[in-house]
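> Sharing structure.cif here; it has mmCIF, C-alpha atoms and all ligand atoms.
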data_start
#
loop_
_atom_site.label_atom_id
_atom_site.label_comp_id
_atom_site.auth_asym_id
_atom_site.auth_seq_id
_atom_site.Cartn_x
_atom_site.Cartn_y
_atom_site.Cartn_z
CA MET A 516 0.00 0.00 0.00
CA ALA A 517 1.50 3.33 -1.01
CA GLY A 518 2.67 5.42 1.90
CA ALA A 519 2.22 2.67 4.51
CA PRO A 520 5.21 1.24 6.33
CA ASP A 521 6.70 -1.69 4.45
CA ALA A 522 5.91 -4.85 6.43
CA ALA A 523 9.40 -6.17 5.73
CA ASP A 524 10.83 -3.04 7.36
CA PHE A 525 8.88 -3.55 10.54
CA PRO A 526 9.53 -6.86 12.22
CA PRO A 527 6.49 -7.94 14.22
CA GLY A 528 6.35 -6.89 17.85
CA PRO A 529 4.10 -5.41 20.47
CA VAL A 530 2.88 -1.83 20.18
CA ALA A 531 5.56 0.36 21.72
CA PRO A 532 4.48 3.26 23.94
CA PRO A 533 5.41 6.83 22.97
CA THR A 534 7.49 7.30 26.15
CA ALA A 535 9.35 4.97 28.49
CA GLY A 536 7.26 4.55 31.62
CA LEU A 537 8.18 2.26 34.50
CA PRO A 538 5.74 -0.69 34.41
CA LEU A 539 3.98 -1.45 37.69
CA ARG A 540 4.14 -4.91 39.27
CA LEU A 541 1.39 -6.81 41.03
CA ALA A 542 3.29 -6.45 44.33
CA ASP A 543 3.21 -2.64 43.94
CA LEU A 544 -0.57 -2.77 44.16
CA ARG A 545 -0.98 -4.55 47.48
CA PRO A 546 -2.80 -2.63 50.21
CA GLY A 547 -0.95 -0.92 53.05
CA GLY A 548 2.78 -0.33 53.35
CA ASP A 549 4.89 2.80 53.55
CA ASP A 550 2.97 5.74 52.08
CA GLY A 551 5.78 8.27 52.55
CA LEU A 552 5.99 9.13 48.86
CA ALA A 553 6.99 12.76 49.52
CA PRO A 554 10.07 11.93 51.66
CA ALA A 555 11.02 9.08 49.28
CA LEU A 556 10.83 11.44 46.29
CA ALA A 557 12.76 14.16 48.15
CA ARG A 558 15.57 11.63 48.78
CA PHE A 559 15.50 10.46 45.16
CA LEU A 560 15.52 14.01 43.79
CA GLY A 561 18.13 15.26 46.27
CA LEU A 562 15.75 18.04 47.33
CA GLU A 563 15.10 19.05 50.93
CA ASP A 564 11.34 18.68 50.95
CA VAL A 565 8.66 18.06 48.33
CA LEU A 566 4.88 18.10 48.13
CA VAL A 567 3.02 15.34 46.30
CA THR A 568 0.14 16.76 44.27
CA CYS A 569 -2.64 15.22 42.17
CA SER A 570 -0.97 16.23 38.87
CA GLY A 571 1.86 18.30 37.45
CA THR A 572 -0.77 20.83 36.40
CA ALA A 573 -2.04 20.99 39.98
CA ALA A 574 1.55 21.52 41.18
CA LEU A 575 1.81 24.52 38.84
CA VAL A 576 -1.55 25.91 40.00
CA ILE A 577 -0.41 25.58 43.63
CA ALA A 578 2.97 27.20 42.88
CA LEU A 579 1.41 30.13 41.03
CA THR A 580 -1.23 30.62 43.74
CA ALA A 581 1.50 30.75 46.40
CA LEU A 582 3.59 33.20 44.38
CA ARG A 583 0.59 35.42 43.67
CA ARG A 584 -0.17 35.64 47.38
CA LEU A 585 3.37 36.82 48.00
CA SER A 586 3.35 39.27 45.02
CA PRO A 587 -0.26 40.34 44.40
CA ASP A 588 0.76 43.15 42.03
CA ARG A 589 2.31 40.73 39.53
CA ASP A 590 0.05 38.86 37.09
CA ALA A 591 2.10 37.62 34.11
CA VAL A 592 3.60 34.16 33.61
CA VAL A 593 6.21 33.70 30.88
CA VAL A 594 6.30 30.24 29.29
CA PRO A 595 7.90 28.77 26.18
CA ALA A 596 5.52 29.00 23.21
CA TYR A 597 6.10 25.28 22.59
CA THR A 598 4.87 23.52 25.70
CA CYS A 599 2.02 21.47 27.08
CA PRO A 600 -1.39 23.18 26.74
CA LEU A 601 -2.06 22.19 30.37
CA VAL A 602 0.44 24.89 31.34
CA ALA A 603 -1.77 27.51 29.68
CA LEU A 604 -4.86 26.07 31.40
CA ALA A 605 -3.08 26.23 34.79
CA VAL A 606 -2.10 29.88 34.28
CA ALA A 607 -5.69 30.75 33.32
CA ARG A 608 -7.06 28.79 36.32
CA CYS A 609 -5.04 31.15 38.56
CA GLY A 610 -6.47 34.23 36.83
CA LEU A 611 -3.03 35.11 35.48
CA ARG A 612 -1.88 36.31 32.08
CA LEU A 613 0.08 34.01 29.78
CA VAL A 614 3.08 35.52 27.97
CA LEU A 615 4.72 33.43 25.27
CA CYS A 616 8.48 33.43 24.78
CA ASP A 617 10.31 32.11 21.74
CA LEU A 618 13.07 29.50 21.88
CA LEU A 619 16.61 29.65 20.56
CA PRO A 620 16.91 28.16 17.05
CA ALA A 621 16.69 24.34 17.02
CA SER A 622 16.74 24.30 20.81
CA LEU A 623 14.50 23.83 23.84
CA ASP A 624 16.17 26.77 25.62
CA LEU A 625 14.24 30.00 26.08
CA ASP A 626 15.62 32.80 23.92
CA PRO A 627 17.37 35.31 26.25
CA ALA A 628 16.49 38.21 23.92
CA GLY A 629 12.86 37.07 23.91
CA LEU A 630 12.93 36.89 27.71
CA ALA A 631 14.24 40.44 27.92
CA ALA A 632 11.33 41.60 25.77
CA CYS A 633 8.71 39.51 27.64
CA CYS A 634 9.54 40.31 31.27
CA ASP A 635 8.74 43.43 33.26
CA ALA A 636 7.57 44.59 36.68
CA ARG A 637 4.30 42.65 36.18
CA THR A 638 6.06 39.31 35.67
CA LEU A 639 5.23 36.86 38.43
CA ALA A 640 7.14 33.84 37.15
CA ILE A 641 9.21 32.51 34.26
CA VAL A 642 8.82 28.83 33.41
CA PRO A 643 11.82 27.27 31.63
CA THR A 644 10.80 23.78 30.55
CA HIS A 645 12.69 20.50 30.29
CA LEU A 646 10.92 18.62 27.50
CA GLY A 647 11.39 14.94 26.77
CA GLY A 648 13.84 14.53 29.66
CA ARG A 649 16.25 17.04 28.13
CA VAL A 650 17.89 19.53 30.47
CA ALA A 651 17.15 23.05 29.21
CA ASP A 652 19.16 26.09 30.25
CA ALA A 653 17.30 27.82 33.09
CA GLY A 654 20.18 30.28 33.63
CA PRO A 655 18.85 33.13 31.44
CA ALA A 656 15.42 32.83 33.13
CA ARG A 657 17.07 33.14 36.55
CA ILE A 658 19.06 36.20 35.43
CA ARG A 659 16.00 37.89 33.93
CA ALA A 660 13.83 36.98 36.94
CA ARG A 661 16.36 38.56 39.31
CA ALA A 662 16.46 41.69 37.14
CA VAL A 663 12.67 42.23 37.29
CA GLY A 664 11.92 40.73 40.71
CA ALA A 665 10.10 37.66 39.37
CA ARG A 666 10.52 33.99 40.34
CA VAL A 667 11.56 30.95 38.30
CA ILE A 668 9.43 27.80 38.21
CA GLU A 669 11.22 24.99 36.34
CA ASP A 670 8.76 22.76 34.52
CA ALA A 671 10.34 19.32 34.79
CA ALA A 672 7.05 17.47 34.17
CA GLN A 673 8.85 15.32 31.58
CA ALA A 674 12.19 15.06 33.38
CA LEU A 675 11.78 13.30 36.73
CA GLY A 676 15.27 12.15 37.73
CA ALA A 677 17.25 14.58 35.56
CA ARG A 678 20.36 15.99 37.27
CA VAL A 679 22.71 18.90 36.88
CA ASP A 680 26.15 18.37 38.38
CA GLY A 681 24.76 15.49 40.41
CA ARG A 682 21.99 17.63 41.95
CA GLY A 683 18.29 17.25 41.18
CA ILE A 684 17.14 19.46 38.34
CA GLY A 685 15.54 22.71 39.51
CA ALA A 686 17.50 22.91 42.76
CA ASP A 687 18.85 26.36 41.79
CA SER A 688 15.47 27.88 40.93
CA ASP A 689 12.69 29.05 43.23
CA ILE A 690 10.36 26.19 42.40
CA VAL A 691 10.47 22.99 40.34
CA PHE A 692 7.68 20.59 39.55
CA PHE A 693 7.42 17.14 38.02
CA SER A 694 4.60 15.00 36.64
CA LEU A 695 3.67 11.48 37.76
CA ALA A 696 1.07 11.09 35.01
CA VAL A 697 0.49 8.06 32.84
CA GLY A 698 3.52 7.13 30.75
CA LYS A 699 5.96 9.21 32.79
CA GLY A 700 8.99 7.47 34.37
CA LEU A 701 7.08 6.99 37.61
CA THR A 702 3.31 7.16 37.64
CA ILE A 703 0.44 6.96 40.10
CA PHE A 704 -1.90 7.46 37.09
CA GLU A 705 -2.13 11.21 37.76
CA GLY A 706 0.25 12.88 40.16
CA GLY A 707 2.77 15.60 40.58
CA VAL A 708 5.69 16.71 42.71
CA LEU A 709 6.39 20.27 43.80
CA ALA A 710 9.53 21.60 45.50
CA ALA A 711 10.38 25.14 46.58
CA ARG A 712 13.89 26.18 47.59
CA ASP A 713 13.07 28.91 50.09
CA PRO A 714 11.36 27.81 53.37
CA ALA A 715 8.89 30.73 53.26
CA LEU A 716 7.87 29.86 49.71
CA ARG A 717 7.64 26.20 50.70
CA ALA A 718 5.25 27.13 53.51
CA ALA A 719 3.20 29.26 51.10
CA CYS A 720 2.97 26.30 48.68
CA ARG A 721 1.87 24.01 51.52
CA ASP A 722 -0.83 26.49 52.55
CA ALA A 723 -2.02 26.85 48.96
CA ALA A 724 -2.12 23.04 48.57
CA SER A 725 -4.20 22.61 51.74
CA ALA A 726 -6.65 25.29 50.63
CA LEU A 727 -6.91 24.28 46.96
CA ALA A 728 -6.53 20.51 47.03
CA PRO A 729 -8.22 18.86 50.01
CA PRO A 730 -8.88 15.11 50.11
CA HIS A 731 -11.71 14.08 47.81
CA ALA A 732 -13.00 10.50 48.05
CA GLY A 733 -14.62 10.54 44.59
CA TRP A 734 -11.52 11.65 42.73
CA GLU A 735 -9.31 9.28 44.71
CA LEU A 736 -11.55 6.31 43.97
CA ARG A 737 -11.55 7.19 40.28
CA ARG A 738 -7.76 7.60 40.13
CA SER A 739 -7.24 4.37 42.09
CA LEU A 740 -9.36 2.42 39.60
CA GLU A 741 -7.56 4.09 36.71
CA LEU A 742 -4.23 3.14 38.25
CA LEU A 743 -5.35 -0.50 38.48
CA GLY A 744 -6.39 -0.38 34.81
CA TYR A 745 -3.07 1.16 33.88
CA ALA A 746 -1.14 -1.50 35.80
CA ALA A 747 -3.08 -4.17 33.93
CA LEU A 748 -2.68 -2.66 30.45
CA TYR A 749 0.73 -0.94 30.48
CA ARG A 750 2.51 -4.06 29.28
CA PRO A 751 3.25 -5.41 25.82
CA ALA A 752 0.06 -7.46 25.65
CA GLY A 753 -2.20 -4.56 26.67
CA LEU A 754 -0.84 -1.55 24.84
CA GLY A 755 -2.21 -2.48 21.43
CA TRP A 756 -5.69 -2.22 22.90
CA ALA A 757 -5.19 0.64 25.35
CA TYR A 758 -2.92 2.87 23.23
CA GLY A 759 -2.56 1.55 19.68
CA ARG A 760 -6.28 1.29 18.87
CA PRO A 761 -7.37 4.79 20.00
CA LEU A 762 -4.25 6.21 18.34
CA ARG A 763 -5.10 4.62 14.98
CA ARG A 764 -8.70 5.83 15.30
CA ALA A 765 -7.55 9.42 15.91
CA LEU A 766 -5.12 9.17 12.98
CA ALA A 767 -7.84 7.77 10.71
CA ARG A 768 -9.87 10.91 11.46
CA GLY A 769 -6.75 13.00 10.73
CA ASP A 770 -6.90 14.34 14.29
CA TRP A 771 -3.24 14.83 15.18
CA VAL A 772 -4.08 16.88 18.27
CA GLU A 773 -5.94 13.94 19.79
CA ALA A 774 -3.33 11.45 18.52
CA ALA A 775 -0.62 13.38 20.35
CA GLY A 776 -2.76 13.69 23.48
CA ASP A 777 -2.85 17.49 23.22
CA ASP A 778 -6.65 17.67 23.60
CA PHE A 779 -7.11 18.95 27.15
CA ASP A 780 -10.21 20.48 28.69
CA PRO A 781 -10.68 22.55 31.80
CA PRO A 782 -11.46 22.26 34.68
CA ILE A 783 -8.28 21.07 36.38
CA PRO A 784 -9.01 18.51 39.12
CA LEU A 785 -7.51 19.62 42.45
CA HIS A 786 -7.45 17.16 45.35
CA ALA A 787 -5.03 15.38 47.67
CA VAL A 788 -3.44 12.04 46.73
CA GLY A 789 -4.65 9.14 48.88
CA ARG A 790 -2.54 6.74 50.94
CA TRP A 791 -2.83 3.69 48.71
CA ARG A 792 -1.61 5.50 45.58
CA ARG A 793 1.23 7.06 47.58
CA ALA A 794 2.26 3.60 48.81
CA VAL A 795 2.15 2.24 45.23
CA GLY A 796 4.44 5.14 44.26
CA VAL A 797 6.91 4.36 47.06
CA ARG A 798 7.20 0.72 45.97
CA ALA A 799 7.62 1.56 42.26
CA LEU A 800 10.07 4.38 42.99
CA ALA A 801 12.50 1.84 44.45
CA ARG A 802 12.98 0.46 40.88
CA LEU A 803 13.16 3.82 39.13
CA PRO A 804 16.94 4.48 39.39
CA ASP A 805 17.77 1.15 37.67
CA PHE A 806 15.04 1.71 35.08
CA LEU A 807 16.37 5.19 34.26
CA GLU A 808 19.94 3.86 34.02
CA ALA A 809 18.84 1.11 31.59
CA GLY A 810 17.03 3.80 29.57
CA ARG A 811 20.17 5.93 29.50
CA ARG A 812 22.25 3.03 28.17
CA GLN A 813 19.65 2.16 25.52
CA ALA A 814 19.37 5.83 24.51
CA ALA A 815 23.16 6.18 24.19
CA ALA A 816 23.35 3.25 21.78
CA ARG A 817 20.32 4.40 19.77
CA LEU A 818 21.56 7.99 19.54
CA ASP A 819 24.84 6.63 18.11
CA ARG A 820 22.77 4.94 15.41
CA LEU A 821 20.71 8.08 14.70
CA ARG A 822 23.87 10.21 14.51
CA ARG A 823 24.87 8.23 11.41
CA ILE A 824 21.81 9.48 9.50
CA PRO A 825 22.92 12.42 7.33
CA GLY A 826 20.74 15.50 7.75
CA LEU A 827 19.14 14.39 11.01
CA ARG A 828 19.71 16.58 14.03
CA LEU A 829 19.49 15.21 17.58
CA ILE A 830 18.24 17.31 20.47
CA GLY A 831 20.39 16.70 23.53
CA ASP A 832 20.73 18.39 26.91
CA SER A 833 21.45 22.09 26.54
CA PRO A 834 25.13 22.65 25.71
CA ALA A 835 24.88 25.73 27.97
CA VAL A 836 24.37 23.59 31.09
CA ALA A 837 27.60 22.07 32.43
CA GLY A 838 27.08 18.69 34.09
CA ALA A 839 23.59 18.20 32.60
CA ARG A 840 22.37 14.63 32.75
CA GLY A 841 18.80 14.32 31.54
CA THR A 842 16.57 11.30 31.48
CA TRP A 843 15.52 9.44 28.33
CA PRO A 844 11.78 8.82 28.06
CA VAL A 845 12.15 9.63 24.34
CA LEU A 846 14.82 10.46 21.79
CA LEU A 847 14.08 13.85 20.24
CA VAL A 848 15.15 14.41 16.65
CA LEU A 849 14.77 17.35 14.32
CA LEU A 850 13.96 16.78 10.64
CA PRO A 851 15.20 19.30 8.08
CA ASP A 852 11.72 20.54 7.20
CA PRO A 853 8.09 20.11 8.28
CA ALA A 854 7.00 18.34 5.08
CA VAL A 855 9.52 15.52 5.65
CA ARG A 856 8.50 15.25 9.32
CA ASP A 857 4.81 15.14 8.47
CA ARG A 858 5.27 12.52 5.72
CA LEU A 859 7.20 10.34 8.16
CA MET A 860 4.51 10.69 10.81
CA GLU A 861 1.78 9.90 8.28
CA ARG A 862 3.60 6.67 7.41
CA LEU A 863 4.84 5.57 10.81
CA TRP A 864 2.76 7.07 13.62
CA GLY A 865 0.15 4.31 13.59
CA ALA A 866 2.68 1.50 13.10
CA GLY A 867 3.17 0.93 16.83
CA CYS A 868 6.87 1.71 16.82
CA GLY A 869 6.82 4.46 19.45
CA LEU A 870 6.92 7.53 17.21
CA SER A 871 5.04 10.59 18.41
CA LEU A 872 5.03 14.36 18.57
CA PRO A 873 5.76 15.93 21.97
CA PHE A 874 3.15 18.60 21.08
CA VAL A 875 1.61 19.16 17.68
CA ARG A 876 1.93 22.97 17.58
CA VAL A 877 2.97 26.07 19.48
CA LEU A 878 0.25 27.19 21.87
CA PRO A 879 -1.40 29.87 19.68
CA ASP A 880 -1.66 27.53 16.67
CA TYR A 881 -4.20 24.96 17.91
CA GLY A 882 -6.87 26.42 15.64
CA GLY A 883 -8.99 28.07 18.28
CA ARG A 884 -8.93 25.25 20.80
CA TYR A 885 -6.97 27.22 23.42
CA ASP A 886 -7.88 30.76 22.34
CA ALA A 887 -9.56 31.50 25.67
CA VAL A 888 -6.30 30.92 27.56
CA VAL A 889 -3.53 31.70 25.03
CA PRO A 890 -2.73 35.11 23.54
CA PRO A 891 -2.77 35.28 19.73
CA ALA A 892 0.51 35.41 17.83
CA ALA A 893 1.13 37.05 14.45
CA PRO A 894 2.46 34.75 11.68
CA GLN A 895 5.95 36.22 12.01
CA ASP A 896 6.04 35.79 15.83
CA LEU A 897 7.74 32.94 17.68
CA PRO A 898 9.69 31.78 14.59
CA HIS A 899 12.03 29.34 16.35
CA ALA A 900 9.36 27.69 18.49
CA ARG A 901 7.16 27.32 15.40
CA ALA A 902 10.02 25.84 13.39
CA LEU A 903 10.72 23.38 16.19
CA ALA A 904 7.04 22.38 16.45
CA GLY A 905 6.99 21.62 12.72
CA ARG A 906 10.21 19.60 12.60
CA LEU A 907 10.46 17.77 15.93
CA LEU A 908 9.75 14.08 16.27
CA ALA A 909 10.00 11.84 19.36
CA ILE A 910 11.00 8.19 19.31
CA GLY A 911 9.84 6.42 22.46
CA ASN A 912 12.72 4.90 24.42
CA SER A 913 10.71 2.05 25.88
CA PRO A 914 12.50 -1.30 26.24
CA TRP A 915 9.50 -2.80 24.39
CA LEU A 916 10.75 -1.25 21.15
CA ASP A 917 13.37 -3.89 20.51
CA ASP A 918 16.59 -3.34 18.56
CA ALA A 919 15.25 -4.84 15.33
CA ARG A 920 12.25 -2.52 15.26
CA PHE A 921 14.32 0.47 16.32
CA GLU A 922 16.65 -0.29 13.41
CA ALA A 923 13.63 -0.35 11.08
CA VAL A 924 12.61 3.08 12.40
CA ALA A 925 16.12 4.45 11.91
CA ARG A 926 16.19 3.11 8.34
CA ALA A 927 12.78 4.62 7.57
CA ILE A 928 13.97 8.02 8.84
CA GLY A 929 17.17 7.73 6.80
CA ARG A 930 15.19 6.87 3.66
CA ALA A 931 12.80 9.77 4.21
CA LEU A 932 15.77 12.12 4.34
CA VAL A 933 17.29 10.69 1.16
CA ASP A 934 13.92 10.99 -0.64
CA ALA A 935 13.44 14.58 0.53
C1 LIG B 1001 5.80 20.23 29.81
C2 LIG B 1001 4.64 19.81 30.66
N1 LIG B 1001 4.25 20.62 31.65
C3 LIG B 1001 3.20 20.29 32.45
C4 LIG B 1001 2.51 19.12 32.28
C5 LIG B 1001 1.36 18.78 33.17
O1 LIG B 1001 1.58 17.61 33.93
P1 LIG B 1001 0.38 16.63 34.29
O2 LIG B 1001 0.01 15.87 33.09
O3 LIG B 1001 0.95 15.77 35.37
O4 LIG B 1001 -0.71 17.48 34.81
C6 LIG B 1001 2.89 18.26 31.25
C7 LIG B 1001 2.18 16.99 31.03
O5 LIG B 1001 2.63 16.11 30.38
C8 LIG B 1001 3.98 18.60 30.43
O6 LIG B 1001 4.38 17.81 29.43
#
Represent the structure from my file as structure tokens, please.

Amino acid sequence: MAGAPDAADFPPGPVAPPTAGLPLRLADLRPGGDDGLAPALARFLGLEDVLVTCSGTAALVIALTALRRLSPDRDAVVVPAYTCPLVALAVARCGLRLVLCDLLPASLDLDPAGLAACCDARTLAIVPTHLGGRVADAGPARIRARAVGARVIEDAAQALGARVDGRGIGADSDIVFFSLAVGKGLTIFEGGVLAARDPALRAACRDAASALAPPHAGWELRRSLELLGYAALYRPAGLGWAYGRPLRRALARGDWVEAAGDDFDPPIPLHAVGRWRRAVGVRALARLPDFLEAGRRQAAARLDRLRRIPGLRLIGDSPAVAGARGTWPVLLVLLPDPAVRDRLMERLWGAGCGLSLPFVRVLPDYGGRYDAVVPPAAPQDLPHARALAGRLLAIGNSPWLDDARFEAVARAIGRALVDA
């Protein structure tokens, strides 16, 4: 069939997930046990104290609420134009104003010149973002924040376990948050982690969390059942049904936003995480360091293979960050132009080999979907973020994508570049 992946190129195998998540074991799900997920995560992250929240989005809402209480005259939040739409929904939920900043060319780092233009005395926070496990340079955000009296919140939703010089990512900024959502390294189906450096800010975050996210039996029951379903299906035998089928349906409708999982709706659930899910997280977290190390080794070998493809650019940790050591849920690659990227995705996205798009577009370009929470951008605005959104592609680094199928993916990418 024209345009479909050649069966000979794709050895049979289970559907591979778009990111490398730590599978849960039956023993993780038993009742009772240590539910000290916050102290266990603080030890793992090398941070003094963390809060466990019901999602990464909730962590951001709590952080922004705490900051706003401390600086009520500031109402703007500067984020990269290419990021998760949930970030925009969180900013709107807090009644704050979203300001979009461009990226450096072919990079996940915020553009320092863009930051200078975006930030002023109304800026509450700047949110440098570590996408796909890659360590971005938060230094320019910290410099600009100091200059205007704002704070820095590092968005490490996709980078749990990333380090800089041996320290947990975000340790040098005011606040950092992580996601424990489905498919992330560690998951409790939906969850988040929030850490603030300064004790006063930490106390403000704690107060905001108690006020905004009290225990809620209904949400906890729902999330607990969803976690059981996830544990049952996030394995090679279950993913074809739970991930591959809905993905192919969305692709058949030509709905890339749904296929990429970028179709979010308000409102944002806000509630505490119950004891059982925290205990599941503690038990799974014990395996996370070894899982991340295996992912790092697999990624190193696969990046060596991808480096041999002429014309393909790999996105690594920011060269501006000495001692950066990200995690590897995905391998991020940049195609030379959007048409080549889109043709590849049309051919391979539904083939179950772990290809995906981190996000389909920059925030203003979702065709009206997020207009209520995202400021418009003129066609000439945000050129580097837009170029990245059009050319980026993620290859899931799950162990379930075996070497033979990864090689088939690498060959397909190489061929697409030769044909271009
Ligand atoms: C960059 C980024 N920020 C924030 C979030 C929100 O995290 P959560 O899904 O846990 O609410 C996500 C979700 O994937 C994300 O990718």
> Mind listing the residues within 7 Å of ligand LIG 1001 (chain B), all atoms listed in the file counted, as a PyMOL selection string?
chain A and resi 570-573+598-599+601-602+644-646+670-673+694-696+705-707
> Write out, as CSV, each residue of stretch 775-826 of chain A that has an atom at most 12 Å from stretch 740-753 of chain A, together with the closest pair of atoms and their distance in Å to one decimal, counting only C-alpha atoms, rows going by chain and rising number.

residue,atom,partner,partner_atom,distance
A:Trp791,CA,A:Leu742,CA,10.6
A:Arg792,CA,A:Leu742,CA,8.1
A:Arg793,CA,A:Leu742,CA,11.5
A:Val795,CA,A:Leu742,CA,9.5
A:Gly796,CA,A:Leu742,CA,10.7
A:Ala799,CA,A:Ala746,CA,11.3
> To one decimal in Å, tell me the separation between atom CA of A:Leu847 and atom CA of A:Phe874.
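It comes out at 11.9 Å.
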> Can you tell me, as AutoDock Vina command-line options, the centre and edge lengths (Å, one decimal) of the axis-aligned box enclosing all of stretch 664-667 of chain A's listed atoms after padding each side by 3 Å?

--center_x 11.0 --center_y 35.8 --center_z 39.5 --size_x 7.8 --size_y 15.8 --size_z 8.4
> In Å, how far is it from atom CA of A:Thr568 to atom CA of A:Phe693?
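It comes out at 9.6 Å.
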